[in-house]
file query.tsv (TSV, C-alpha atoms and all ligand atoms)
chain	number	residue	atom	x	y	z
C	19	MET	CA	-56.13	12.96	-15.79
C	20	SER	CA	-53.41	10.36	-16.02
C	21	SER	CA	-50.30	10.29	-13.92
C	22	GLY	CA	-48.06	10.67	-17.00
C	23	PHE	CA	-45.46	13.41	-17.17
C	24	ILE	CA	-47.22	16.32	-18.91
C	25	ILE	CA	-45.21	19.29	-20.13
C	26	ALA	CA	-47.27	22.43	-20.79
C	27	VAL	CA	-45.64	25.04	-23.03
C	28	ASP	CA	-47.56	28.29	-23.44
C	29	GLY	CA	-46.70	31.65	-24.90
C	30	PRO	CA	-47.53	34.31	-27.47
C	31	ALA	CA	-47.20	34.12	-31.26
C	32	ALA	CA	-43.75	33.22	-32.61
C	33	SER	CA	-42.18	33.07	-29.15
C	34	GLY	CA	-40.38	29.84	-30.00
C	35	LYS	CA	-42.72	27.62	-27.99
C	36	GLY	CA	-43.19	25.21	-30.90
C	37	THR	CA	-39.44	24.65	-31.24
C	38	VAL	CA	-39.07	24.30	-27.48
C	39	ALA	CA	-41.96	21.81	-27.35
C	40	THR	CA	-40.54	19.72	-30.20
C	41	GLY	CA	-37.12	19.63	-28.52
C	42	LEU	CA	-38.62	18.56	-25.19
C	43	GLY	CA	-40.65	15.86	-26.92
C	44	LYS	CA	-37.46	14.44	-28.43
C	45	ALA	CA	-35.51	14.73	-25.20
C	46	TYR	CA	-38.12	12.88	-23.12
C	47	GLY	CA	-39.50	10.60	-25.82
C	48	LEU	CA	-42.96	12.14	-25.49
C	49	PRO	CA	-45.57	12.83	-28.18
C	50	VAL	CA	-46.05	16.53	-28.96
C	51	LEU	CA	-49.29	18.34	-29.81
C	52	ASP	CA	-49.16	21.78	-31.40
C	53	THR	CA	-52.60	22.93	-30.25
C	54	GLY	CA	-52.35	26.09	-32.36
C	55	LEU	CA	-52.70	23.83	-35.37
C	56	LEU	CA	-56.18	22.83	-34.18
C	57	TYR	CA	-57.30	26.46	-34.10
C	58	ARG	CA	-55.58	27.15	-37.43
C	59	ALA	CA	-57.44	24.20	-38.98
C	60	VAL	CA	-60.76	25.40	-37.57
C	61	GLY	CA	-60.16	28.90	-38.96
C	62	VAL	CA	-59.17	27.76	-42.45
C	63	LEU	CA	-61.83	25.04	-42.74
C	64	THR	CA	-64.56	27.41	-41.53
C	65	GLN	CA	-63.56	29.88	-44.24
C	66	ARG	CA	-63.41	27.09	-46.82
C	67	ALA	CA	-66.97	26.15	-45.89
C	68	GLY	CA	-67.92	29.71	-46.81
C	69	ARG	CA	-68.77	30.67	-43.22
C	70	ASP	CA	-67.80	33.77	-41.28
C	71	LEU	CA	-65.07	33.49	-38.64
C	72	ASP	CA	-67.26	35.50	-36.26
C	73	ASP	CA	-70.00	32.88	-36.58
C	74	ALA	CA	-69.35	30.94	-33.37
C	75	ALA	CA	-71.80	28.13	-34.17
C	76	ALA	CA	-70.30	27.52	-37.62
C	77	ALA	CA	-66.76	27.51	-36.24
C	78	ALA	CA	-67.79	25.15	-33.43
C	79	THR	CA	-69.33	22.76	-35.97
C	80	THR	CA	-66.01	22.74	-37.83
C	81	ALA	CA	-64.16	22.15	-34.56
C	82	SER	CA	-66.41	19.19	-33.67
C	83	GLY	CA	-65.66	17.54	-37.00
C	84	LEU	CA	-61.90	17.92	-36.72
C	85	SER	CA	-59.73	14.81	-36.63
C	86	ALA	CA	-55.99	14.25	-36.42
C	87	GLY	CA	-55.90	13.15	-40.07
C	88	LEU	CA	-57.14	16.56	-41.22
C	89	LEU	CA	-54.30	18.51	-39.64
C	90	ASP	CA	-51.57	17.85	-42.17
C	91	ASP	CA	-52.22	20.75	-44.54
C	92	PRO	CA	-49.57	23.41	-45.37
C	93	ALA	CA	-52.41	25.94	-45.73
C	94	PHE	CA	-52.66	25.93	-41.93
C	95	ARG	CA	-49.12	27.36	-41.63
C	96	THR	CA	-49.76	30.62	-43.49
C	97	ARG	CA	-50.02	34.11	-42.06
C	98	ALA	CA	-53.75	34.23	-42.92
C	99	ALA	CA	-54.30	30.94	-41.08
C	100	GLY	CA	-52.72	32.38	-37.91
C	101	GLU	CA	-55.06	35.35	-38.04
C	102	ALA	CA	-58.10	33.13	-38.74
C	103	ALA	CA	-57.08	30.88	-35.83
C	104	SER	CA	-56.95	33.75	-33.38
C	105	ARG	CA	-60.41	34.91	-34.50
C	106	VAL	CA	-62.13	31.53	-34.03
C	107	ALA	CA	-60.19	30.96	-30.80
C	108	VAL	CA	-62.23	33.68	-29.04
C	109	HIS	CA	-65.41	31.56	-29.22
C	110	PRO	CA	-65.98	29.50	-26.04
C	111	GLN	CA	-67.95	26.92	-28.10
C	112	VAL	CA	-64.88	26.33	-30.29
C	113	ARG	CA	-62.60	25.98	-27.27
C	114	GLN	CA	-65.06	23.57	-25.68
C	115	ALA	CA	-65.24	21.46	-28.87
C	116	LEU	CA	-61.44	21.10	-28.89
C	117	LEU	CA	-61.11	20.39	-25.18
C	118	ALA	CA	-61.60	16.60	-25.12
C	119	PHE	CA	-59.11	15.99	-27.93
C	120	GLN	CA	-56.43	17.99	-26.11
C	121	ARG	CA	-57.17	16.44	-22.69
C	122	ASP	CA	-57.08	12.94	-24.20
C	123	PHE	CA	-53.73	13.71	-25.80
C	124	ALA	CA	-52.39	15.07	-22.51
C	125	GLY	CA	-53.73	12.05	-20.64
C	126	GLN	CA	-51.74	9.44	-22.56
C	127	PRO	CA	-50.25	7.03	-20.04
C	128	GLY	CA	-46.64	7.92	-20.76
C	129	GLY	CA	-47.28	11.67	-20.72
C	130	ALA	CA	-47.14	14.30	-23.46
C	131	VAL	CA	-45.95	17.75	-24.45
C	132	LEU	CA	-48.58	20.30	-25.52
C	133	ASP	CA	-47.91	23.81	-26.72
C	134	GLY	CA	-50.47	26.57	-26.95
C	135	ARG	CA	-51.99	29.44	-25.00
C	136	ASP	CA	-54.02	27.79	-22.24
C	137	ILE	CA	-52.33	24.45	-21.63
C	138	GLY	CA	-51.02	25.24	-18.15
C	139	THR	CA	-54.15	27.17	-17.17
C	140	VAL	CA	-57.09	25.22	-18.66
C	141	ILE	CA	-56.16	22.06	-20.56
C	142	ALA	CA	-53.71	20.53	-18.08
C	143	PRO	CA	-53.64	22.69	-14.93
C	144	ALA	CA	-52.09	19.81	-12.97
C	145	ALA	CA	-49.17	19.38	-15.40
C	146	PRO	CA	-45.98	18.84	-13.37
C	147	ALA	CA	-43.88	20.93	-15.81
C	148	LYS	CA	-45.06	24.28	-17.11
C	149	LEU	CA	-43.18	26.82	-19.19
C	150	PHE	CA	-44.27	30.22	-20.40
C	151	VAL	CA	-42.11	31.02	-23.41
C	152	THR	CA	-41.96	34.62	-24.53
C	153	ALA	CA	-39.80	37.17	-26.37
C	154	ALA	CA	-39.99	40.86	-27.27
C	155	ALA	CA	-42.57	41.61	-29.97
C	156	GLU	CA	-39.89	42.84	-32.41
C	157	VAL	CA	-37.87	39.65	-31.97
C	158	ARG	CA	-40.95	37.48	-32.48
C	159	ALA	CA	-41.91	39.47	-35.58
C	160	GLU	CA	-38.47	38.98	-37.06
C	161	ARG	CA	-38.62	35.21	-36.48
C	162	ARG	CA	-42.09	34.98	-38.02
C	163	TRP	CA	-41.01	37.18	-40.94
C	164	LYS	CA	-38.09	34.84	-41.71
C	165	GLN	CA	-40.30	31.77	-41.32
C	166	LEU	CA	-42.93	33.14	-43.74
C	167	ALA	CA	-40.25	34.11	-46.28
C	168	GLY	CA	-38.82	30.58	-45.99
C	169	GLN	CA	-42.29	29.18	-46.73
C	170	GLY	CA	-42.47	31.31	-49.89
C	171	GLU	CA	-44.75	33.91	-48.36
C	172	PRO	CA	-42.74	37.16	-48.41
C	173	VAL	CA	-44.35	39.98	-46.44
C	174	ALA	CA	-43.19	43.37	-45.10
C	175	PHE	CA	-41.64	43.21	-41.63
C	176	GLU	CA	-43.87	46.05	-40.40
C	177	ASP	CA	-46.95	44.06	-41.41
C	178	VAL	CA	-45.76	41.00	-39.51
C	179	LEU	CA	-45.07	43.14	-36.43
C	180	ALA	CA	-48.55	44.66	-36.69
C	181	ASP	CA	-50.06	41.14	-36.95
C	182	ILE	CA	-48.17	40.03	-33.85
C	183	ARG	CA	-49.37	43.03	-31.84
C	184	ILE	CA	-52.99	42.54	-32.91
C	185	ARG	CA	-52.81	38.85	-32.09
C	186	ASP	CA	-51.17	39.46	-28.69
C	187	ALA	CA	-53.96	41.88	-27.78
C	188	ARG	CA	-56.74	39.57	-29.00
C	189	ASP	CA	-55.30	36.43	-27.40
C	190	SER	CA	-54.62	38.12	-24.05
C	191	GLY	CA	-57.82	40.16	-24.00
C	192	ARG	CA	-60.43	37.52	-24.80
C	193	ASP	CA	-62.79	36.33	-22.05
C	194	SER	CA	-62.47	32.61	-22.76
C	195	ALA	CA	-59.17	31.03	-21.71
C	196	PRO	CA	-57.00	34.07	-22.49
C	197	LEU	CA	-53.28	33.75	-23.06
C	198	ALA	CA	-51.88	33.93	-19.54
C	199	ARG	CA	-48.95	32.62	-17.58
C	200	ALA	CA	-50.07	30.07	-15.00
C	201	PRO	CA	-48.83	31.09	-11.54
C	202	ASP	CA	-46.65	27.97	-11.41
C	203	ALA	CA	-45.25	28.28	-14.96
C	204	VAL	CA	-41.56	29.13	-15.30
C	205	LEU	CA	-40.95	32.17	-17.51
C	206	LEU	CA	-38.51	31.63	-20.36
C	207	ASP	CA	-37.69	34.83	-22.25
C	208	THR	CA	-35.95	33.81	-25.48
C	209	SER	CA	-35.36	37.36	-26.80
C	210	GLN	CA	-31.59	37.04	-26.50
C	211	MET	CA	-31.35	33.29	-27.14
C	212	SER	CA	-30.59	31.16	-30.15
C	213	ILE	CA	-32.76	28.13	-30.84
C	214	ASP	CA	-30.23	25.85	-29.16
C	215	GLU	CA	-29.91	28.10	-26.13
C	216	ALA	CA	-33.69	28.24	-25.73
C	217	ALA	CA	-33.91	24.45	-26.04
C	218	ASP	CA	-31.18	24.00	-23.40
C	219	ALA	CA	-32.81	26.47	-21.02
C	220	ALA	CA	-36.18	24.71	-21.43
C	221	ARG	CA	-34.56	21.38	-20.77
C	222	ARG	CA	-33.03	22.62	-17.51
C	223	ILE	CA	-36.40	23.94	-16.33
C	224	VAL	CA	-38.09	20.64	-17.15
C	225	GLU	CA	-35.30	18.60	-15.54
C	226	ALA	CA	-35.93	20.42	-12.25
C	227	ALA	CA	-39.69	19.88	-12.59
C	228	ARG	CA	-39.19	16.20	-13.38
C	229	ALA	CA	-36.98	15.69	-10.34
C	230	ARG	CA	-39.70	17.23	-8.13
C	231	TRP	CA	-42.38	15.13	-9.87
C	232	GLU	CA	-40.43	11.90	-9.41
C	233	ALA	CA	-39.84	12.69	-5.75
C	234	SER	CA	-43.53	13.38	-5.14
G	1	LIG	O1	-47.27	30.12	-33.83
G	1	LIG	P1	-48.32	31.12	-33.58
G	1	LIG	O2	-48.32	31.61	-32.21
G	1	LIG	O3	-48.44	32.16	-34.63
G	1	LIG	O4	-49.71	30.43	-33.74
G	1	LIG	P2	-50.32	29.18	-33.09
G	1	LIG	O5	-49.65	28.76	-31.84
G	1	LIG	O6	-50.45	28.22	-34.20
G	1	LIG	O7	-51.78	29.72	-32.65
G	1	LIG	C1	-52.61	30.40	-33.55
G	1	LIG	C2	-53.74	31.06	-32.74
G	1	LIG	O8	-54.56	30.02	-32.19
G	1	LIG	C3	-53.31	31.89	-31.58
G	1	LIG	O9	-53.09	33.24	-31.92
G	1	LIG	C4	-54.48	31.75	-30.59
G	1	LIG	O10	-55.48	32.70	-30.82
G	1	LIG	C5	-55.05	30.40	-30.92
G	1	LIG	N1	-54.70	29.38	-29.91
G	1	LIG	C6	-55.43	29.34	-28.74
G	1	LIG	O11	-56.30	30.15	-28.54
G	1	LIG	N2	-55.18	28.37	-27.81
G	1	LIG	C7	-54.21	27.46	-28.01
G	1	LIG	N3	-54.02	26.51	-27.09
G	1	LIG	C8	-53.43	27.50	-29.18
G	1	LIG	C9	-53.68	28.50	-30.12
call {"tool": "encode", "arguments": {"input": "query.tsv", "output": "structure tokens", "more": "lines below"}}
Ligand code: CDP
result
Amino acid sequence: MSSGFIIAVDGPAASGKGTVATGLGKAYGLPVLDTGLLYRAVGVLTQRAGRDLDDAAAAATTASGLSAGLLDDPAFRTRAAGEAASRVAVHPQVRQALLAFQRDFAGQPGGAVLDGRDIGTVIAPAAPAKLFVTAAAEVRAERRWKQLAGQGEPVAFEDVLADIRIRDARDSGRDSAPLARAPDAVLLDTSQMSIDEAADAARRIVEAARARWEAS
């Protein structure tokens, strides 16, 4: 692992971690990787190949063939893609196939920001700055509901809330790299925060981590 400044941002679905990660990337001039997009791509492309999401070998083959150029597809941002992602993400073979790409990204000489579920625990356990971004399930469901409506995918709020609860349980309950707060990750609960407030709070946490990192 390089000595670059790595910022690990983990948290459950629609917690605001993507927005926080993007803001930190801008603030520190670091490249940002939304690792959820990798799992979304694997889910959607596995389905497109006519294979079952429970078929670990098929999903791992898709994951091995993934490249950065394949990630720019709006189909990966849909509600169905999020669900497909969480289903392929339970397979250790899929996680293993995506590991090198994520570690390489994290290991860039200047550092990087990665957001996901297992960045602070598995992908970059030595990251000098770690945040665990969360919010109440109802708040996260409302954010996701608005986001989907904005993307032209209107759906009942209750259905989005049910999705979030199912995904929380699956992501936290799986055996392989479950969603978990690293012991040294700072908890950021954005339930009562606007986007700007969450970005400011994240920045303060990372400033403190950076000062410690520079002094070390
Ligand atoms: O934004 P949202 O949380 O809905 O989704 P995402 O971050 O794009 O992640 C989609 C799914 O991919 C999650 O529910 C996880 O099951 C999986 N994932 C993972 O297992 N590990 C990661 N580092 C990132 C995502």
call {"tool": "residues_around", "arguments": {"input": "query.tsv", "residues": "Trp163 of chain C", "least_positions_apart": "3", "cutoff": "12 Å", "atoms": "all atoms listed in the file", "output": "JSON, numbers by chain"}}
result
{"C": [31, 32, 96, 97, 155, 156, 157, 158, 159, 160, 166, 167, 168, 169, 170, 171, 172, 173, 174, 175, 176, 177, 178, 179, 180, 181, 182]}
call {"tool": "residues_near_ligand", "arguments": {"input": "query.tsv", "ligand": "ligand LIG 1 (chain G)", "cutoff": "6 Å", "atoms": "only C-alpha atoms and all ligand atoms", "output": "PDB file with C-alpha atoms, in the coordinates of the input"}}
result
ATOM      1  CA  PRO C  30     -47.530  34.310 -27.470  1.00  0.00           C
ATOM      2  CA  ALA C  31     -47.200  34.120 -31.260  1.00  0.00           C
ATOM      3  CA  ALA C  32     -43.750  33.220 -32.610  1.00  0.00           C
ATOM      4  CA  THR C  53     -52.600  22.930 -30.250  1.00  0.00           C
ATOM      5  CA  GLY C  54     -52.350  26.090 -32.360  1.00  0.00           C
ATOM      6  CA  LEU C  55     -52.700  23.830 -35.370  1.00  0.00           C
ATOM      7  CA  TYR C  57     -57.300  26.460 -34.100  1.00  0.00           C
ATOM      8  CA  ARG C  58     -55.580  27.150 -37.430  1.00  0.00           C
ATOM      9  CA  GLY C 100     -52.720  32.380 -37.910  1.00  0.00           C
ATOM     10  CA  ALA C 103     -57.080  30.880 -35.830  1.00  0.00           C
ATOM     11  CA  SER C 104     -56.950  33.750 -33.380  1.00  0.00           C
ATOM     12  CA  ALA C 107     -60.190  30.960 -30.800  1.00  0.00           C
ATOM     13  CA  GLY C 134     -50.470  26.570 -26.950  1.00  0.00           C
ATOM     14  CA  ARG C 135     -51.990  29.440 -25.000  1.00  0.00           C
ATOM     15  CA  ASP C 136     -54.020  27.790 -22.240  1.00  0.00           C
ATOM     16  CA  ARG C 185     -52.810  38.850 -32.090  1.00  0.00           C
ATOM     17  CA  ASP C 189     -55.300  36.430 -27.400  1.00  0.00           C
TER      18      ASP C 189
END
call {"tool": "residues_around", "arguments": {"input": "query.tsv", "residues": "segment 38-42 of chain C", "least_positions_apart": "5", "cutoff": "9 Å", "atoms": "all atoms listed in the file", "output": "CSV table (one decimal) with C-alpha atoms, in the coordinates of the input"}}
result
chain,number,residue,atom,x,y,z
C,25,ILE,CA,-45.2,19.3,-20.1
C,26,ALA,CA,-47.3,22.4,-20.8
C,27,VAL,CA,-45.6,25.0,-23.0
C,47,GLY,CA,-39.5,10.6,-25.8
C,48,LEU,CA,-43.0,12.1,-25.5
C,49,PRO,CA,-45.6,12.8,-28.2
C,50,VAL,CA,-46.0,16.5,-29.0
C,51,LEU,CA,-49.3,18.3,-29.8
C,52,ASP,CA,-49.2,21.8,-31.4
C,131,VAL,CA,-46.0,17.8,-24.4
C,132,LEU,CA,-48.6,20.3,-25.5
C,133,ASP,CA,-47.9,23.8,-26.7
C,151,VAL,CA,-42.1,31.0,-23.4
C,213,ILE,CA,-32.8,28.1,-30.8
C,216,ALA,CA,-33.7,28.2,-25.7
C,217,ALA,CA,-33.9,24.4,-26.0
C,218,ASP,CA,-31.2,24.0,-23.4
C,220,ALA,CA,-36.2,24.7,-21.4
C,221,ARG,CA,-34.6,21.4,-20.8
C,224,VAL,CA,-38.1,20.6,-17.2
call {"tool": "residues_around", "arguments": {"input": "query.tsv", "residues": "Asp207 of chain C", "least_positions_apart": "2", "cutoff": "10 Å", "atoms": "all atoms listed in the file", "output": "VMD selection string"}}
result
chain C and resid 29 33 to 34 150 to 154 204 to 205 209 to 211 216 219
call {"tool": "residues_around", "arguments": {"input": "query.tsv", "residues": "Ala78 of chain C", "least_positions_apart": "3", "cutoff": "12 Å", "atoms": "all atoms listed in the file", "output": "PDB file with C-alpha atoms, keeping the file's coordinate frame"}}
result
ATOM      1  CA  LEU C  56     -56.180  22.830 -34.180  1.00  0.00           C
ATOM      2  CA  TYR C  57     -57.300  26.460 -34.100  1.00  0.00           C
ATOM      3  CA  ALA C  59     -57.440  24.200 -38.980  1.00  0.00           C
ATOM      4  CA  VAL C  60     -60.760  25.400 -37.570  1.00  0.00           C
ATOM      5  CA  GLY C  61     -60.160  28.900 -38.960  1.00  0.00           C
ATOM      6  CA  LEU C  63     -61.830  25.040 -42.740  1.00  0.00           C
ATOM      7  CA  THR C  64     -64.560  27.410 -41.530  1.00  0.00           C
ATOM      8  CA  ARG C  69     -68.770  30.670 -43.220  1.00  0.00           C
ATOM      9  CA  ASP C  70     -67.800  33.770 -41.280  1.00  0.00           C
ATOM     10  CA  LEU C  71     -65.070  33.490 -38.640  1.00  0.00           C
ATOM     11  CA  ASP C  72     -67.260  35.500 -36.260  1.00  0.00           C
ATOM     12  CA  ASP C  73     -70.000  32.880 -36.580  1.00  0.00           C
ATOM     13  CA  ALA C  74     -69.350  30.940 -33.370  1.00  0.00           C
ATOM     14  CA  ALA C  75     -71.800  28.130 -34.170  1.00  0.00           C
ATOM     15  CA  ALA C  81     -64.160  22.150 -34.560  1.00  0.00           C
ATOM     16  CA  SER C  82     -66.410  19.190 -33.670  1.00  0.00           C
ATOM     17  CA  GLY C  83     -65.660  17.540 -37.000  1.00  0.00           C
ATOM     18  CA  LEU C  84     -61.900  17.920 -36.720  1.00  0.00           C
ATOM     19  CA  VAL C 106     -62.130  31.530 -34.030  1.00  0.00           C
ATOM     20  CA  ALA C 107     -60.190  30.960 -30.800  1.00  0.00           C
ATOM     21  CA  VAL C 108     -62.230  33.680 -29.040  1.00  0.00           C
ATOM     22  CA  HIS C 109     -65.410  31.560 -29.220  1.00  0.00           C
ATOM     23  CA  PRO C 110     -65.980  29.500 -26.040  1.00  0.00           C
ATOM     24  CA  GLN C 111     -67.950  26.920 -28.100  1.00  0.00           C
ATOM     25  CA  VAL C 112     -64.880  26.330 -30.290  1.00  0.00           C
ATOM     26  CA  ARG C 113     -62.600  25.980 -27.270  1.00  0.00           C
ATOM     27  CA  GLN C 114     -65.060  23.570 -25.680  1.00  0.00           C
ATOM     28  CA  ALA C 115     -65.240  21.460 -28.870  1.00  0.00           C
ATOM     29  CA  LEU C 116     -61.440  21.100 -28.890  1.00  0.00           C
ATOM     30  CA  LEU C 117     -61.110  20.390 -25.180  1.00  0.00           C
TER      31      LEU C 117
END
call {"tool": "closest_residue", "arguments": {"input": "query.tsv", "among": "C:Ala67, C:Ala147, C:Ala187, C:Leu89", "to": "Ala203 of chain C", "atoms": "only C-alpha atoms"}}
result
C:Ala147
call {"tool": "atom_distance", "arguments": {"input": "query.tsv", "atom1": "atom CA of Glu101 of chain C", "atom2": "atom CA of Gln65 of chain C"}}
result
11.9 Å
call {"tool": "residues_around", "arguments": {"input": "query.tsv", "residues": "Ile141 of chain C", "least_positions_apart": "3", "cutoff": "9 Å", "atoms": "only C-alpha atoms", "output": "PyMOL selection string"}}
result
chain C and resi 26+117-118+120-121+124+136-138+144
call {"tool": "closest_residue", "arguments": {"input": "query.tsv", "among": "C:Val62, C:Ala76, C:Lys164, C:Gly36", "to": "Ala99 of chain C", "atoms": "all atoms listed in the file"}}
result
C:Val62
call {"tool": "atom_distance", "arguments": {"input": "query.tsv", "atom1": "atom CA of Arg95 of chain C", "atom2": "atom CA of Thr208 of chain C"}}
result
21.8 Å
call {"tool": "closest_residue", "arguments": {"input": "query.tsv", "among": "C:Arg188, C:Arg183, C:Arg222, C:Arg161", "to": "Leu149 of chain C", "atoms": "all atoms listed in the file"}}
result
C:Arg222
